[in-house]
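With mmCIF, C-alpha atoms inside, this is work_26.cif:
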```
data_data
#
loop_
_atom_site.group_PDB
_atom_site.id
_atom_site.type_symbol
_atom_site.label_atom_id
_atom_site.label_comp_id
_atom_site.auth_asym_id
_atom_site.auth_seq_id
_atom_site.Cartn_x
_atom_site.Cartn_y
_atom_site.Cartn_z
ATOM 1 C CA MET J 1 415.939 -5.770 79.717
ATOM 2 C CA GLU J 2 412.209 -6.356 80.155
ATOM 3 C CA LEU J 3 410.218 -3.232 80.837
ATOM 4 C CA SER J 4 407.935 -3.149 83.857
ATOM 5 C CA ASP J 5 404.156 -3.139 83.471
ATOM 6 C CA GLU J 6 404.054 0.388 84.820
ATOM 7 C CA VAL J 7 406.516 1.673 82.225
ATOM 8 C CA LEU J 8 404.574 -0.059 79.459
ATOM 9 C CA CYS J 9 401.377 1.525 80.743
ATOM 10 C CA ARG J 10 402.988 4.970 80.765
ATOM 11 C CA ARG J 11 404.126 4.461 77.194
ATOM 12 C CA THR J 12 400.662 3.248 76.234
ATOM 13 C CA ALA J 13 399.334 6.530 77.588
ATOM 14 C CA GLU J 14 401.702 8.234 75.117
ATOM 15 C CA ARG J 15 400.096 6.124 72.379
ATOM 16 C CA ASP J 16 403.056 3.782 72.008
ATOM 17 C CA GLU J 17 401.359 0.844 70.274
ATOM 18 C CA ALA J 18 404.305 -1.503 70.788
ATOM 19 C CA ALA J 19 404.049 -0.949 74.550
ATOM 20 C CA PHE J 20 400.329 -1.659 74.415
ATOM 21 C CA ASP J 21 400.923 -4.853 72.420
ATOM 22 C CA ALA J 22 403.486 -5.936 75.004
ATOM 23 C CA LEU J 23 400.958 -5.393 77.799
ATOM 24 C CA VAL J 24 398.359 -7.383 75.891
ATOM 25 C CA ALA J 25 400.768 -10.249 75.313
ATOM 26 C CA ARG J 26 401.715 -10.222 78.983
ATOM 27 C CA TYR J 27 398.185 -10.118 80.373
ATOM 28 C CA GLN J 28 395.946 -11.739 77.772
ATOM 29 C CA GLY J 29 395.988 -15.167 79.431
ATOM 30 C CA ARG J 30 395.310 -13.847 82.906
ATOM 31 C CA ALA J 31 392.591 -11.474 81.683
ATOM 32 C CA TYR J 32 390.762 -14.184 79.757
ATOM 33 C CA ARG J 33 391.074 -16.759 82.555
ATOM 34 C CA LEU J 34 389.887 -14.310 85.226
ATOM 35 C CA ALA J 35 386.954 -13.160 83.098
ATOM 36 C CA TRP J 36 386.028 -16.755 82.319
ATOM 37 C CA SER J 37 386.163 -17.707 86.003
ATOM 38 C CA ILE J 38 383.611 -15.012 86.744
ATOM 39 C CA VAL J 39 381.270 -15.223 83.753
ATOM 40 C CA ARG J 40 381.791 -18.913 82.887
ATOM 41 C CA ASN J 41 381.299 -18.326 79.198
ATOM 42 C CA ALA J 42 384.214 -18.430 76.782
ATOM 43 C CA GLU J 43 382.792 -15.936 74.292
ATOM 44 C CA ASP J 44 381.823 -13.423 76.962
ATOM 45 C CA ALA J 45 385.188 -13.884 78.654
ATOM 46 C CA ARG J 46 386.978 -13.142 75.372
ATOM 47 C CA ASP J 47 384.882 -10.024 74.726
ATOM 48 C CA LEU J 48 385.192 -8.742 78.295
ATOM 49 C CA SER J 49 388.932 -9.263 78.481
ATOM 50 C CA GLN J 50 389.362 -7.504 75.115
ATOM 51 C CA GLU J 51 387.183 -4.674 76.394
ATOM 52 C CA ALA J 52 389.453 -4.437 79.434
ATOM 53 C CA PHE J 53 392.450 -3.914 77.141
ATOM 54 C CA ILE J 54 390.578 -1.256 75.192
ATOM 55 C CA ARG J 55 389.863 0.546 78.472
ATOM 56 C CA VAL J 56 393.548 0.324 79.321
ATOM 57 C CA PHE J 57 394.455 1.901 75.987
ATOM 58 C CA GLN J 58 391.902 4.671 76.428
ATOM 59 C CA SER J 59 392.629 5.483 80.044
ATOM 60 C CA ALA J 60 396.273 4.543 80.564
ATOM 61 C CA GLY J 61 396.951 8.210 81.282
ATOM 62 C CA ARG J 62 394.747 7.977 84.345
ATOM 63 C CA PHE J 63 396.839 5.187 85.889
ATOM 64 C CA ASP J 64 398.555 7.099 88.661
ATOM 65 C CA GLY J 65 401.079 4.426 89.595
ATOM 66 C CA ARG J 66 400.007 4.361 93.242
ATOM 67 C CA SER J 67 399.058 0.713 92.904
ATOM 68 C CA LYS J 68 400.623 -1.977 90.783
ATOM 69 C CA PHE J 69 399.490 -2.090 87.159
ATOM 70 C CA SER J 70 398.241 -5.646 87.687
ATOM 71 C CA THR J 71 395.957 -4.505 90.518
ATOM 72 C CA TRP J 72 394.547 -1.690 88.385
ATOM 73 C CA PHE J 73 394.075 -4.029 85.447
ATOM 74 C CA TYR J 74 392.426 -6.760 87.521
ATOM 75 C CA ARG J 75 390.042 -4.140 88.838
ATOM 76 C CA ILE J 76 389.039 -3.213 85.290
ATOM 77 C CA VAL J 77 388.460 -6.868 84.379
ATOM 78 C CA VAL J 78 386.519 -7.681 87.552
ATOM 79 C CA ASN J 79 384.366 -4.551 87.257
ATOM 80 C CA LEU J 80 383.516 -5.313 83.646
ATOM 81 C CA CYS J 81 382.598 -8.896 84.527
ATOM 82 C CA LEU J 82 380.505 -7.931 87.540
ATOM 83 C CA ASP J 83 378.741 -5.263 85.476
ATOM 84 C CA GLN J 84 378.007 -7.792 82.785
ATOM 85 C CA ARG J 85 376.647 -10.258 85.323
ATOM 86 C CA ARG J 86 374.496 -7.529 86.826
ATOM 87 C CA LYS J 87 373.124 -6.621 83.403
ATOM 88 C CA HIS J 88 372.311 -10.201 82.566
ATOM 89 C CA ARG J 89 371.072 -10.946 86.067
ATOM 90 C CA GLY J 90 373.146 -14.091 85.969
ATOM 91 C CA TRP J 91 373.596 -14.458 89.672
ATOM 92 C CA LYS J 92 370.829 -16.928 90.279
ATOM 93 C CA LEU J 93 372.010 -17.355 93.836
ATOM 94 C CA TRP J 94 370.068 -14.270 94.803
ATOM 95 C CA VAL J 95 366.766 -15.697 93.655
ATOM 96 C CA ARG J 96 364.682 -16.022 96.816
ATOM 97 C CA ASP J 97 362.758 -19.138 97.730
ATOM 98 C CA GLU J 98 359.157 -18.402 96.810
ATOM 99 C CA GLY J 99 357.924 -20.275 99.874
ATOM 100 C CA ASP J 100 359.874 -18.017 102.154
ATOM 101 C CA PRO J 101 359.911 -14.482 100.758
ATOM 102 C CA GLU J 102 361.183 -13.025 104.019
ATOM 103 C CA SER J 103 364.312 -15.081 103.997
ATOM 104 C CA HIS J 104 367.432 -13.116 103.101
ATOM 105 C CA GLU J 105 369.695 -16.104 103.316
ATOM 106 C CA PRO J 106 371.046 -17.130 99.903
ATOM 107 C CA LEU J 107 369.415 -20.232 98.489
ATOM 108 C CA LEU J 108 372.673 -22.135 98.629
ATOM 109 C CA ASP J 109 373.008 -21.494 102.357
ATOM 110 C CA ARG J 110 369.677 -23.160 102.952
ATOM 111 C CA GLN J 111 370.451 -26.382 101.125
ATOM 112 C CA PRO J 112 370.767 -29.320 103.502
ATOM 113 C CA ALA J 113 374.254 -30.677 103.840
ATOM 114 C CA PRO J 114 374.768 -34.176 102.472
ATOM 115 C CA SER J 115 374.675 -36.775 105.213
ATOM 116 C CA GLN J 116 377.621 -38.746 103.871
ATOM 117 C CA ASP J 117 381.150 -37.658 103.135
ATOM 118 C CA PRO J 118 381.155 -36.965 99.386
ATOM 119 C CA VAL J 119 384.808 -37.923 99.122
ATOM 120 C CA ASP J 120 383.888 -41.461 100.090
ATOM 121 C CA THR J 121 380.835 -41.694 97.890
ATOM 122 C CA ILE J 122 381.430 -39.946 94.596
ATOM 123 C CA GLY J 123 385.154 -39.573 94.425
ATOM 124 C CA ARG J 124 387.514 -36.717 94.853
ATOM 125 C CA GLU J 125 387.434 -35.505 91.276
ATOM 126 C CA ARG J 126 383.692 -35.084 91.254
ATOM 127 C CA THR J 127 383.827 -33.435 94.660
ATOM 128 C CA LEU J 128 386.264 -30.845 93.413
ATOM 129 C CA LYS J 129 384.149 -30.258 90.348
ATOM 130 C CA ARG J 130 381.146 -29.724 92.574
ATOM 131 C CA LEU J 131 383.200 -27.394 94.712
ATOM 132 C CA TRP J 132 383.968 -25.133 91.763
ATOM 133 C CA GLU J 133 380.370 -25.317 90.633
ATOM 134 C CA ALA J 134 379.430 -24.100 94.092
ATOM 135 C CA VAL J 135 381.920 -21.250 93.692
ATOM 136 C CA GLY J 136 380.053 -20.373 90.513
ATOM 137 C CA ARG J 137 376.881 -19.920 92.534
ATOM 138 C CA LEU J 138 378.394 -17.628 95.145
ATOM 139 C CA ALA J 139 377.463 -13.962 95.366
ATOM 140 C CA PRO J 140 379.516 -11.852 92.911
ATOM 141 C CA GLN J 141 381.839 -10.211 95.407
ATOM 142 C CA GLN J 142 382.406 -13.460 97.320
ATOM 143 C CA ARG J 143 383.106 -15.291 94.117
ATOM 144 C CA ALA J 144 385.524 -12.645 92.909
ATOM 145 C CA ALA J 145 387.330 -12.704 96.261
ATOM 146 C CA VAL J 146 387.693 -16.496 96.138
ATOM 147 C CA ILE J 147 388.891 -16.481 92.528
ATOM 148 C CA LEU J 148 391.408 -13.710 93.148
ATOM 149 C CA GLN J 149 392.799 -15.526 96.155
ATOM 150 C CA VAL J 150 392.792 -19.106 94.920
ATOM 151 C CA GLN J 151 393.357 -18.687 91.199
ATOM 152 C CA GLU J 152 395.308 -15.455 90.912
ATOM 153 C CA GLU J 153 396.976 -15.952 94.307
ATOM 154 C CA LEU J 154 396.601 -12.296 95.269
ATOM 155 C CA PRO J 155 397.211 -11.296 98.881
ATOM 156 C CA THR J 156 394.304 -9.775 100.827
ATOM 157 C CA PRO J 157 395.448 -6.113 100.447
ATOM 158 C CA GLU J 158 395.564 -6.539 96.672
ATOM 159 C CA ILE J 159 392.166 -8.215 96.562
ATOM 160 C CA ALA J 160 390.864 -5.267 98.574
ATOM 161 C CA ALA J 161 392.390 -2.873 96.027
ATOM 162 C CA VAL J 162 390.879 -4.789 93.114
ATOM 163 C CA LEU J 163 387.423 -4.973 94.685
ATOM 164 C CA LYS J 164 387.756 -1.418 96.025
ATOM 165 C CA CYS J 165 386.840 -2.361 99.564
ATOM 166 C CA SER J 166 388.629 -2.728 102.881
ATOM 167 C CA GLU J 167 390.735 -5.730 103.800
ATOM 168 C CA ALA J 168 388.221 -6.487 106.541
ATOM 169 C CA THR J 169 385.456 -6.644 103.932
ATOM 170 C CA VAL J 170 387.541 -9.036 101.831
ATOM 171 C CA ARG J 171 387.943 -11.294 104.859
ATOM 172 C CA VAL J 172 384.193 -11.170 105.443
ATOM 173 C CA HIS J 173 383.560 -12.089 101.779
ATOM 174 C CA LEU J 174 386.020 -14.985 102.015
ATOM 175 C CA HIS J 175 384.628 -16.188 105.317
ATOM 176 C CA ARG J 176 381.058 -16.144 104.027
ATOM 177 C CA ALA J 177 382.107 -17.827 100.806
ATOM 178 C CA LEU J 178 383.976 -20.588 102.599
ATOM 179 C CA THR J 179 381.154 -21.084 105.084
ATOM 180 C CA THR J 180 378.733 -21.494 102.189
ATOM 181 C CA LEU J 181 381.085 -23.846 100.354
ATOM 182 C CA ARG J 182 381.656 -25.897 103.479
ATOM 183 C CA LYS J 183 377.916 -26.306 103.957
ATOM 184 C CA THR J 184 377.451 -27.230 100.330
ATOM 185 C CA MET J 185 380.181 -29.803 100.432
ATOM 186 C CA GLY J 186 378.926 -31.228 103.694
ATOM 187 C CA THR J 187 382.129 -30.761 105.656
ATOM 188 C CA THR J 188 380.313 -29.443 108.738
ATOM 189 C CA MET O 1 403.471 -24.745 123.984
ATOM 190 C CA GLY O 2 401.875 -23.947 120.610
ATOM 191 C CA THR O 3 398.183 -23.211 120.210
ATOM 192 C CA LEU O 4 395.974 -25.871 118.704
ATOM 193 C CA PRO O 5 394.743 -25.039 115.200
ATOM 194 C CA ASP O 6 391.177 -23.744 115.039
ATOM 195 C CA PRO O 7 389.162 -26.567 113.425
ATOM 196 C CA GLU O 8 387.165 -24.069 111.380
ATOM 197 C CA LEU O 9 390.370 -22.484 110.080
ATOM 198 C CA GLU O 10 391.708 -25.926 109.264
ATOM 199 C CA GLN O 11 388.576 -26.729 107.274
ATOM 200 C CA PHE O 12 388.806 -23.419 105.423
ATOM 201 C CA ARG O 13 392.448 -24.087 104.632
ATOM 202 C CA ASP O 14 391.550 -27.522 103.280
ATOM 203 C CA LEU O 15 388.800 -25.996 101.164
ATOM 204 C CA LEU O 16 391.157 -23.392 99.732
ATOM 205 C CA ASP O 17 393.741 -26.090 99.012
ATOM 206 C CA ASP O 18 391.109 -28.176 97.244
ATOM 207 C CA LEU O 19 390.027 -25.193 95.184
ATOM 208 C CA ALA O 20 393.607 -24.313 94.303
ATOM 209 C CA HIS O 21 394.321 -27.885 93.195
ATOM 210 C CA ALA O 22 391.218 -28.037 91.073
ATOM 211 C CA VAL O 23 391.295 -24.652 89.384
ATOM 212 C CA GLU O 24 389.376 -25.101 86.180
ATOM 213 C CA ARG O 25 390.879 -23.974 82.926
ATOM 214 C CA PRO O 26 388.844 -22.002 80.415
ATOM 215 C CA PRO O 27 388.457 -23.373 76.879
ATOM 216 C CA ASP O 28 391.549 -22.872 74.739
ATOM 217 C CA ILE O 29 391.801 -19.759 72.663
ATOM 218 C CA HIS O 30 393.690 -18.807 69.527
ATOM 219 C CA TRP O 31 395.807 -15.953 70.809
ATOM 220 C CA SER O 32 396.860 -14.389 67.517
ATOM 221 C CA ARG O 33 393.215 -14.266 66.458
ATOM 222 C CA TYR O 34 392.358 -12.804 69.866
ATOM 223 C CA ARG O 35 394.898 -10.010 69.383
ATOM 224 C CA ALA O 36 393.743 -9.338 65.820
ATOM 225 C CA GLU O 37 390.158 -9.019 67.067
ATOM 226 C CA LEU O 38 391.286 -6.729 69.838
ATOM 227 C CA ARG O 39 393.181 -4.552 67.365
ATOM 228 C CA ALA O 40 390.119 -4.352 65.101
ATOM 229 C CA LYS O 41 387.836 -3.456 68.013
ATOM 230 C CA LEU O 42 390.237 -0.795 69.211
ATOM 231 C CA GLU O 43 390.536 0.718 65.731
ATOM 232 C CA ALA O 44 386.750 0.707 65.364
ATOM 233 C CA ARG O 45 386.363 2.418 68.751
ATOM 234 C CA LEU O 46 388.934 5.080 67.896
ATOM 235 C CA GLU O 47 387.393 5.613 64.469
ATOM 236 C CA ARG O 48 383.939 5.972 66.032
ATOM 237 C CA ARG O 49 385.288 8.601 68.367
ATOM 238 C CA ARG O 50 386.956 10.475 65.509
ATOM 239 C CA ALA O 51 383.760 10.236 63.455
ATOM 240 C CA TRP O 52 381.720 11.589 66.348
ATOM 241 C CA TRP O 53 383.857 14.686 66.409
ATOM 242 C CA ARG O 54 383.302 15.152 62.682
ATOM 243 C CA ARG O 55 379.509 15.149 63.077
ATOM 244 C CA PRO O 56 377.686 18.504 62.770
ATOM 245 C CA VAL O 57 376.526 18.679 66.386
ATOM 246 C CA PRO O 58 379.953 18.263 67.988
ATOM 247 C CA LEU O 59 381.347 20.606 65.350
ATOM 248 C CA ALA O 60 378.721 23.192 66.224
ATOM 249 C CA LEU O 61 379.396 22.603 69.902
ATOM 250 C CA SER O 62 383.120 23.099 69.506
ATOM 251 C CA ALA O 63 382.533 26.183 67.347
ATOM 252 C CA SER O 64 380.230 27.606 70.017
ATOM 253 C CA LEU O 65 382.757 26.820 72.697
ATOM 254 C CA ALA O 66 385.525 28.453 70.677
ATOM 255 C CA GLY O 67 383.272 31.492 70.107
ATOM 256 C CA ALA O 68 382.462 31.724 73.807
ATOM 257 C CA LEU O 69 386.147 31.522 74.645
ATOM 258 C CA ALA O 70 386.953 34.265 72.122
ATOM 259 C CA VAL O 71 384.215 36.512 73.535
ATOM 260 C CA GLY O 72 385.473 35.792 77.039
ATOM 261 C CA ALA O 73 389.015 36.711 76.053
ATOM 262 C CA LEU O 74 387.744 39.918 74.410
ATOM 263 C CA VAL O 75 385.821 40.861 77.541
ATOM 264 C CA VAL O 76 388.882 40.284 79.690
ATOM 265 C CA VAL O 77 391.047 42.440 77.406
ATOM 266 C CA GLN O 78 388.428 45.191 77.266
ATOM 267 C CA SER O 79 387.911 45.206 81.008
ATOM 268 C CA GLY O 80 391.687 45.499 81.398
ATOM 269 C CA ARG O 81 391.670 48.548 79.158
ATOM 270 C CA GLN O 82 388.687 50.014 80.968
ATOM 271 C CA SER O 83 390.321 49.521 84.329
ATOM 272 C CA GLU O 84 393.323 51.506 83.096
ATOM 273 C CA THR O 85 391.024 54.337 81.999
ATOM 274 C CA GLY O 86 389.095 53.875 85.202
ATOM 275 C CA ALA O 87 392.261 54.379 87.209
ATOM 276 C CA ASP O 88 392.895 57.709 85.458
ATOM 277 C CA LEU O 89 389.357 58.839 86.100
ATOM 278 C CA ALA O 90 389.645 57.879 89.734
ATOM 279 C CA ALA O 91 392.739 60.037 90.145
ATOM 280 C CA VAL O 92 390.916 63.081 88.709
ATOM 281 C CA GLU O 93 387.917 62.334 90.882
ATOM 282 C CA GLU O 94 390.082 62.049 93.972
ATOM 283 C CA ALA O 95 391.643 65.456 93.256
ATOM 284 C CA ALA O 96 388.186 67.022 92.873
ATOM 285 C CA ILE O 97 386.975 65.476 96.096
ATOM 286 C CA GLY O 98 390.129 66.683 97.788
ATOM 287 C CA ASP O 99 389.337 70.232 96.709
ATOM 288 C CA ARG O 100 385.855 70.018 98.130
ATOM 289 C CA LEU O 101 387.122 68.542 101.368
ATOM 290 C CA GLU O 102 389.304 71.510 102.301
ATOM 291 C CA LEU O 103 387.195 72.182 105.336
ATOM 292 C CA LEU O 104 387.491 68.667 106.565
ATOM 293 C CA GLU O 105 389.096 69.070 109.931
ATOM 294 C CA GLN O 106 388.514 65.655 111.451
ATOM 295 C CA TYR O 107 389.945 63.739 108.502
ATOM 296 C CA ARG O 108 391.718 61.203 110.717
ATOM 297 C CA VAL O 109 388.539 60.388 112.616
ATOM 298 C CA VAL O 110 386.555 60.099 109.422
ATOM 299 C CA GLU O 111 389.219 57.929 107.887
ATOM 300 C CA GLN O 112 389.089 55.600 110.827
ATOM 301 C CA LEU O 113 385.317 55.470 110.542
ATOM 302 C CA ASP O 114 385.817 54.276 107.011
ATOM 303 C CA LEU O 115 383.308 56.774 105.700
ATOM 304 C CA LEU O 116 385.337 58.359 102.968
ATOM 305 C CA GLU O 117 383.045 56.931 100.354
ATOM 306 C CA GLU O 118 380.052 58.644 101.944
ATOM 307 C CA PHE O 119 380.816 62.173 100.881
ATOM 308 C CA ASP O 120 377.567 63.643 102.242
ATOM 309 C CA VAL O 121 378.100 62.054 105.628
ATOM 310 C CA ILE O 122 381.600 63.452 105.753
ATOM 311 C CA ARG O 123 380.345 66.903 104.907
ATOM 312 C CA ASP O 124 377.686 66.640 107.598
ATOM 313 C CA LEU O 125 380.263 65.538 110.113
ATOM 314 C CA ASP O 126 382.332 68.595 109.307
ATOM 315 C CA ARG O 127 379.262 70.781 109.708
ATOM 316 C CA LEU O 128 378.592 69.194 113.076
ATOM 317 C CA THR O 129 382.117 69.969 114.150
ATOM 318 C CA VAL O 130 381.799 73.581 113.037
ATOM 319 C CA GLU O 131 378.449 73.991 114.755
ATOM 320 C CA ARG O 132 379.811 72.512 117.976
ATOM 321 C CA THR O 133 382.817 74.804 118.033
ATOM 322 C CA GLY O 134 380.727 77.801 116.833
#
```
Just give me the structure of the file as structure tokens.
Amino acid sequence: MELSDEVLCRRTAERDEAAFDALVARYQGRAYRLAWSIVRNAEDARDLSQEAFIRVFQSAGRFDGRSKFSTWFYRIVVNLCLDQRRKHRGWKLWVRDEGDPESHEPLLDRQPAPSQDPVDTIGRERTLKRLWEAVGRLAPQQRAAVILQVQEELPTPEIAAVLKCSEATVRVHLHRALTTLRKTMGTT
Amino acid sequence: MGTLPDPELEQFRDLLDDLAHAVERPPDIHWSRYRAELRAKLEARLERRRAWWRRPVPLALSASLAGALAVGALVVVQSGRQSETGADLAAVEEAAIGDRLELLEQYRVVEQLDLLEEFDVIRDLDRLTVERTG
């Protein structure tokens, strides 16, 4: 019988290396993919996801079992990625337009929407590629919320647990993200 | 009659569907190498932590802490012993005070006034009582 994540985590806390290896094997793909979605760099994603596993090994005893292991683990990965982005100041979205220093609207929000339907002009594949590129330029929390919902298919309460905010805040992040994406893709 | 779908919600749903259908995949990775790297990093981290504890400063810190704990324990034991001796002394003291308080007539009142500790006040109170009756 396959042991649950929570049992494996408890055993990891007791320094059971086989349990830790099982957790790694179970989550390595998700950890790497999630990290890559946020940092968009394969090497960084590999390092950050490995760091997340090291944190799990070191602090498995602090997992209290009140949430699912996956939620706790996703939180570690997302926090590491957001910290890394903060350190490297990679979120260029927050760069203000020099001509309008008072503006607090993200640069992306102020881009004019294309006048023609991009689906008709450049093809669906390119549109979708552009869509994900636009996701890459979203604010960190908005981007994480979108990735957790679309890619990891987490429900809102779990996204809230991962991002350590309320469900209402998650909805606000998603709404703002989708509004920005809609403007970018010219679907208004 | 059902409610008409909110056009904004519809657009958002379409966007989410598009995103879900076009989820990009990260570059492939060699998983056994990934796990070997992870194992090496973990070992290095654990070794660094062990090495830190072997350095002179942490050693001195732990020795100081152990010393402080030992002194603390000694103080606790000693104070326990002293309190036992203190209890004996208190009993003798109480007997002596009792002898000197033989003239205390308003003991109940004084007790209620919570002035037993103030021996001089008690004595004065007694004197006041004697003077009033005399």
Please identify all polymer residues within 12 Å of Asp28 of chain O, counting all atoms listed in the file, omitting same-chain residues fewer than 3 positions from it, and present them as a ChimeraX atom specification. /J:29,32-33,36,42-43,45-46 /O:24-25,31,34
Show me, as a PyMOL selection string, the residues of chain J whose atoms get within 7 Å of chain O, using only C-alpha atoms for the distance check. chain J and resi 33+36+42+50+54+128+132+150-151+178
What is the atom CA of Glu158 of chain J to atom CA of Thr184 of chain J distance in Å? 27.7 Å
Near Pro157 of chain J, within 10 Å and counting all atoms listed in the file, which residues show up once chain neighbours fewer than 2 positions away are dropped, as a PyMOL selection string? chain J and resi 154-155+159-163+165-168+170
Report as a PyMOL selection string the residues that result from applying the PyMOL selection byres ((chain J and resi 62-68) around 9) to the structure here. chain J and resi 5-6+9-10+13+56+59-61+69-73+158+161
Measure the distance from atom CA of Arg126 of chain J to atom CA of Asp14 of chain O in Å and round it to one decimal.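 Distance between the two atoms: 16.2 Å.
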Matched chain/residue IDs from the PyMOL selection byres ((chain J and resi 140) around 10), as a list in words: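 For this structure, the PyMOL selection byres ((chain J and resi 140) around 10) captures Ile38, Val39, Val78, Cys81, Leu82, Asp83, Arg85, Arg86, Gly90, Trp91, Leu93, Trp94, Val135, Gly136, Arg137, Leu138, Ala139, Gln141, Gln142, Arg143, Ala144, Ala145, Val146 and His173 of chain J.
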Test item: residues at most 7 Å from segment 16-27 of chain J, all atoms listed in the file, excluding those fewer than 5 positions along its chain, as a compact mmCIF listing (two decimals) with C-alpha atoms, keeping the file's coordinate frame:
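Ended up saving to out28.txt:
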```
# COMPACT_ATOMS: atom_id res chain seq x y z
CA ASP J 5 404.16 -3.14 83.47
CA LEU J 8 404.57 -0.06 79.46
CA ARG J 11 404.13 4.46 77.19
CA PHE J 53 392.45 -3.91 77.14
```
Would you compute, for all listed atoms of segment 33-50 of chain O, the axis-aligned bounding box grown by 6 Å on each side, and then report its centre and edge lengths in Å rounded to one decimal, as JSON?
```
{"center_x": 389.4, "center_y": -1.9, "center_z": 67.2, "size_x": 23.0, "size_y": 36.7, "size_z": 17.4}
```
